[in-house]
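Visitor: Below is the structure I would like to discuss, written out as structure tokens.
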Amino acid sequence: MIQGLKKIFGLGPKVDFIELMSKGAQIIDVRTPSEFNSGHIKGSLNIPLSNISENLAKIKKDKPVITCCASGMRSASARSILTSKGYREVHNGGGWMSLQQKIRK
């Protein structure tokens, strides 16, 4: 059960987000447009969680995907959706401010 929860929320082995970015990872911010407009990671794509299934064409399947939101809950849901749609390398980046710090190191 705990392993299942870790998988759902993208917890487990430490992810090297800087390495993912060097491989051309796409950052998908699943917050609302107003949240996104109040601050976001430069170069990230805003696709609200409620619209992610309708916007799959905007997300490349051949590149790593990092999802983020405000706290990590919506990005965990987005990760699950993308994985179920055939995206092979999807990582929950958690909150966008925390992720921003991780990719700047």
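Residue numbering restarts at 1 in every chain; chains get A, B, ... in the order shown in the structure tokens, and ligands count up from 1 in that same order.
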Give me, as a CSV table (one decimal) with all heavy atoms, in the first residue's frame, all polymer residues having an atom no more than 10 Å from Val65 (chain A), counting only C-alpha atoms and skipping those fewer than 5 positions away in the same chain.
Guide:
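part_27.csv, written as the output of this step:
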chain,number,residue,atom,x,y,z
A,20,LEU,N,17.2,15.9,-16.0
A,20,LEU,CA,16.0,15.8,-16.8
A,20,LEU,C,16.0,17.1,-17.7
A,20,LEU,O,15.6,16.9,-18.9
A,20,LEU,CB,14.8,15.7,-16.0
A,20,LEU,CG,14.5,14.4,-15.3
A,20,LEU,CD1,13.3,14.5,-14.4
A,20,LEU,CD2,14.4,13.2,-16.3
A,21,MET,N,16.3,18.2,-17.2
A,21,MET,CA,16.2,19.5,-18.0
A,21,MET,C,17.3,19.4,-19.1
A,21,MET,O,17.0,19.9,-20.2
A,21,MET,CB,16.4,20.7,-17.1
A,21,MET,CG,15.3,20.9,-16.1
A,21,MET,SD,13.7,21.1,-16.8
A,21,MET,CE,13.9,22.7,-17.7
A,24,GLY,N,16.1,17.9,-22.1
A,24,GLY,CA,15.0,18.6,-22.8
A,24,GLY,C,13.6,18.4,-22.2
A,24,GLY,O,12.6,18.5,-22.9
A,25,ALA,N,13.6,18.2,-20.9
A,25,ALA,CA,12.3,17.9,-20.2
A,25,ALA,C,11.4,19.1,-20.4
A,25,ALA,O,11.8,20.3,-20.4
A,25,ALA,CB,12.6,17.7,-18.7
A,26,GLN,N,10.1,18.8,-20.4
A,26,GLN,CA,9.1,19.8,-20.5
A,26,GLN,C,8.5,20.0,-19.1
A,26,GLN,O,8.2,19.0,-18.5
A,26,GLN,CB,8.0,19.4,-21.4
A,26,GLN,CG,8.4,18.9,-22.8
A,26,GLN,CD,7.3,18.0,-23.4
A,26,GLN,OE1,6.5,18.6,-24.1
A,26,GLN,NE2,7.3,16.7,-23.2
A,27,ILE,N,8.3,21.2,-18.7
A,27,ILE,CA,7.7,21.5,-17.4
A,27,ILE,C,6.2,21.9,-17.7
A,27,ILE,O,6.0,22.8,-18.4
A,27,ILE,CB,8.4,22.6,-16.6
A,27,ILE,CG1,9.8,22.1,-16.3
A,27,ILE,CG2,7.6,22.9,-15.3
A,27,ILE,CD1,10.7,23.2,-15.6
A,28,ILE,N,5.3,21.1,-17.2
A,28,ILE,CA,3.9,21.3,-17.3
A,28,ILE,C,3.3,21.8,-16.0
A,28,ILE,O,3.3,21.0,-15.0
A,28,ILE,CB,3.1,20.1,-17.8
A,28,ILE,CG1,3.8,19.4,-19.1
A,28,ILE,CG2,1.6,20.4,-18.1
A,28,ILE,CD1,3.9,20.4,-20.3
A,59,ILE,N,2.0,18.2,-25.5
A,59,ILE,CA,3.1,17.6,-24.6
A,59,ILE,C,3.7,16.5,-25.4
A,59,ILE,O,3.1,15.6,-25.9
A,59,ILE,CB,2.4,17.0,-23.3
A,59,ILE,CG1,1.6,18.1,-22.6
A,59,ILE,CG2,3.5,16.5,-22.4
A,59,ILE,CD1,0.7,17.6,-21.5
A,60,LYS,N,5.0,16.7,-25.6
A,60,LYS,CA,5.8,15.7,-26.4
A,60,LYS,C,6.0,14.4,-25.6
A,60,LYS,O,6.3,14.4,-24.5
A,60,LYS,CB,7.2,16.3,-26.8
A,60,LYS,CG,7.1,17.5,-27.6
A,60,LYS,CD,8.5,18.1,-27.8
A,60,LYS,CE,8.3,19.4,-28.6
A,60,LYS,NZ,9.2,20.4,-28.1
A,79,ARG,N,0.5,13.6,-13.3
A,79,ARG,CA,1.4,12.5,-13.6
A,79,ARG,C,0.7,11.2,-13.9
A,79,ARG,O,1.0,10.5,-14.9
A,79,ARG,CB,2.4,12.4,-12.5
A,79,ARG,CG,3.4,11.3,-12.7
A,79,ARG,CD,4.3,11.0,-11.4
A,79,ARG,NE,5.2,10.0,-11.6
A,79,ARG,CZ,4.9,8.7,-11.6
A,79,ARG,NH1,3.6,8.3,-11.3
A,79,ARG,NH2,5.8,7.7,-11.8
A,82,LEU,N,-1.1,11.4,-17.4
A,82,LEU,CA,-0.1,11.3,-18.5
A,82,LEU,C,0.4,9.9,-18.6
A,82,LEU,O,0.6,9.4,-19.7
A,82,LEU,CB,1.0,12.3,-18.3
A,82,LEU,CG,0.6,13.8,-18.5
A,82,LEU,CD1,1.7,14.7,-18.1
A,82,LEU,CD2,0.0,14.1,-19.9
A,87,TYR,N,2.6,8.3,-21.8
A,87,TYR,CA,3.8,9.0,-21.6
A,87,TYR,C,4.7,8.2,-20.7
A,87,TYR,O,4.3,7.7,-19.6
A,87,TYR,CB,3.5,10.4,-21.0
A,87,TYR,CG,2.8,11.3,-21.9
A,87,TYR,CD1,1.5,11.2,-22.1
A,87,TYR,CD2,3.6,12.3,-22.6
A,87,TYR,CE1,0.8,12.1,-23.1
A,87,TYR,CE2,3.0,13.1,-23.5
A,87,TYR,CZ,1.6,13.0,-23.7
A,87,TYR,OH,1.0,13.8,-24.7
A,88,ARG,N,5.9,7.9,-21.1
A,88,ARG,CA,6.8,7.0,-20.4
A,88,ARG,C,7.6,7.6,-19.3
A,88,ARG,O,7.8,6.9,-18.3
A,88,ARG,CB,7.8,6.3,-21.4
A,88,ARG,CG,7.1,5.4,-22.4
A,88,ARG,CD,8.1,4.6,-23.3
A,88,ARG,NE,9.1,5.5,-23.7
A,88,ARG,CZ,9.2,6.0,-25.0
A,88,ARG,NH1,8.3,5.7,-25.9
A,88,ARG,NH2,10.2,6.8,-25.4
A,89,GLU,N,8.0,8.8,-19.5
A,89,GLU,CA,8.9,9.4,-18.4
A,89,GLU,C,8.3,10.7,-17.9
A,89,GLU,O,8.5,11.8,-18.4
A,89,GLU,CB,10.3,9.7,-19.0
A,89,GLU,CG,11.3,10.0,-18.0
A,89,GLU,CD,12.7,10.2,-18.5
A,89,GLU,OE1,13.0,10.0,-19.7
A,89,GLU,OE2,13.6,10.6,-17.6
A,90,VAL,N,7.5,10.5,-16.8
A,90,VAL,CA,6.8,11.6,-16.2
A,90,VAL,C,7.1,11.7,-14.8
A,90,VAL,O,7.1,10.7,-14.1
A,90,VAL,CB,5.2,11.5,-16.4
A,90,VAL,CG1,4.5,12.7,-15.8
A,90,VAL,CG2,4.8,11.2,-17.8
A,91,HIS,N,7.5,12.8,-14.3
A,91,HIS,CA,7.9,13.0,-12.9
A,91,HIS,C,7.1,14.1,-12.2
A,91,HIS,O,6.8,15.2,-12.9
A,91,HIS,CB,9.4,13.4,-12.8
A,91,HIS,CG,10.3,12.4,-13.5
A,91,HIS,ND1,10.7,11.3,-12.8
A,91,HIS,CD2,10.8,12.3,-14.7
A,91,HIS,CE1,11.5,10.6,-13.7
A,91,HIS,NE2,11.5,11.2,-14.8
A,92,ASN,N,6.7,13.9,-11.0
A,92,ASN,CA,6.0,14.9,-10.2
A,92,ASN,C,7.1,15.8,-9.6
A,92,ASN,O,7.8,15.4,-8.7
A,92,ASN,CB,5.1,14.3,-9.1
A,92,ASN,CG,4.4,15.3,-8.3
A,92,ASN,OD1,4.5,16.5,-8.5
A,92,ASN,ND2,3.7,14.8,-7.3
A,93,GLY,N,7.1,17.1,-10.1
A,93,GLY,CA,8.0,18.0,-9.6
A,93,GLY,C,7.6,18.7,-8.3
A,93,GLY,O,8.3,19.5,-7.7
Visitor: Would you pick out the contacts of Arg74 (chain A) at 10 Å or less, using only C-alpha atoms, so that residues sharing its chain but fewer than 2 positions from it are not included, and give the list as a count of residues only?
Guide: 21
Visitor: Among region 12-103 of chain A, which ones does DSSP place in strand (DSSP E), written as a JSON list (two decimals) with N, CA and C atoms, in the first residue's frame?
Guide:
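File produced: result_28.json:
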[["chain", "number", "residue", "atom", "x", "y", "z"],
["A", 26, "GLN", "N", 10.12, 18.83, -20.44],
["A", 26, "GLN", "CA", 9.07, 19.84, -20.52],
["A", 26, "GLN", "C", 8.47, 20.00, -19.13],
["A", 27, "ILE", "N", 8.31, 21.21, -18.69],
["A", 27, "ILE", "CA", 7.66, 21.46, -17.41],
["A", 27, "ILE", "C", 6.22, 21.86, -17.69],
["A", 28, "ILE", "N", 5.30, 21.06, -17.16],
["A", 28, "ILE", "CA", 3.88, 21.32, -17.33],
["A", 28, "ILE", "C", 3.33, 21.78, -15.99],
["A", 29, "ASP", "N", 2.91, 23.04, -15.94],
["A", 29, "ASP", "CA", 2.34, 23.64, -14.73],
["A", 29, "ASP", "C", 0.83, 23.47, -14.81],
["A", 45, "LEU", "N", 4.94, 25.30, -19.42],
["A", 45, "LEU", "CA", 3.69, 25.37, -20.18],
["A", 45, "LEU", "C", 2.53, 25.23, -19.21],
["A", 46, "ASN", "N", 1.59, 26.15, -19.27],
["A", 46, "ASN", "CA", 0.43, 26.11, -18.37],
["A", 46, "ASN", "C", -0.71, 25.34, -19.03],
["A", 65, "VAL", "N", 8.85, 14.56, -18.99],
["A", 65, "VAL", "CA", 7.84, 15.53, -18.58],
["A", 65, "VAL", "C", 7.94, 15.69, -17.07],
["A", 66, "ILE", "N", 7.93, 16.94, -16.62],
["A", 66, "ILE", "CA", 7.90, 17.24, -15.18],
["A", 66, "ILE", "C", 6.62, 18.04, -14.94],
["A", 67, "THR", "N", 5.76, 17.53, -14.07],
["A", 67, "THR", "CA", 4.54, 18.25, -13.73],
["A", 67, "THR", "C", 4.77, 19.04, -12.44],
["A", 68, "CYS", "N", 4.11, 20.18, -12.32],
["A", 68, "CYS", "CA", 4.20, 20.97, -11.09],
["A", 68, "CYS", "C", 2.89, 21.71, -10.88],
["A", 69, "CYS", "N", 2.68, 22.15, -9.66],
["A", 69, "CYS", "CA", 1.48, 22.93, -9.31],
["A", 69, "CYS", "C", 1.85, 23.80, -8.12],
["A", 90, "VAL", "N", 7.47, 10.50, -16.84],
["A", 90, "VAL", "CA", 6.76, 11.62, -16.23],
["A", 90, "VAL", "C", 7.13, 11.67, -14.75],
["A", 91, "HIS", "N", 7.51, 12.84, -14.29],
["A", 91, "HIS", "CA", 7.92, 13.03, -12.89],
["A", 91, "HIS", "C", 7.10, 14.13, -12.24],
["A", 92, "ASN", "N", 6.71, 13.89, -11.01],
["A", 92, "ASN", "CA", 6.00, 14.92, -10.24],
["A", 92, "ASN", "C", 7.05, 15.83, -9.62],
["A", 93, "GLY", "N", 7.09, 17.07, -10.11],
["A", 93, "GLY", "CA", 8.05, 18.04, -9.59],
["A", 93, "GLY", "C", 7.57, 18.73, -8.32],
["A", 94, "GLY", "N", 6.31, 18.48, -7.93],
["A", 94, "GLY", "CA", 5.77, 19.09, -6.71],
["A", 94, "GLY", "C", 5.40, 20.55, -6.93],
["A", 95, "GLY", "N", 5.59, 21.34, -5.90],
["A", 95, "GLY", "CA", 5.29, 22.77, -5.97],
["A", 95, "GLY", "C", 6.24, 23.49, -6.91]]
Visitor: Using only C-alpha atoms, which residues sit within 10 Å of Arg104 (chain A) once same-chain residues fewer than 5 positions away are excluded, as a list in words?
Guide: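 With the cut-off at 10 Å, the set is Phe17, Ile18 and Leu99 of chain A.
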Visitor: Return the single residue from A:Ile52, A:Val15, A:Ile47, A:Ile41 that is closest to Ile81 (chain A), with distances computed using only C-alpha atoms.
Guide: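 Ranking A:Ile52, A:Val15, A:Ile47, A:Ile41 by distance to Ile81 (chain A), first place goes to A:Ile52.
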Visitor: Which of region 15-70 of chain A end up as alpha helix (DSSP H) when DSSP is run on this backbone - answer as a list in words?
Guide: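 Taking region 15-70 of chain A and keeping alpha helix (DSSP H) gives Phe17, Ile18, Glu19, Leu20, Met21, Ser22, Pro33, Ser34, Glu35, Phe36 and Asn37 of chain A.
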Visitor: Could you tell me which of A:Gly39, A:Ser84, A:Lys23, A:Gln101 comes closest to Asp62 (chain A) if we count only C-alpha atoms?
Guide: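 Between A:Gly39, A:Ser84, A:Lys23, A:Gln101, the residue approaching Asp62 (chain A) most closely is A:Lys23.
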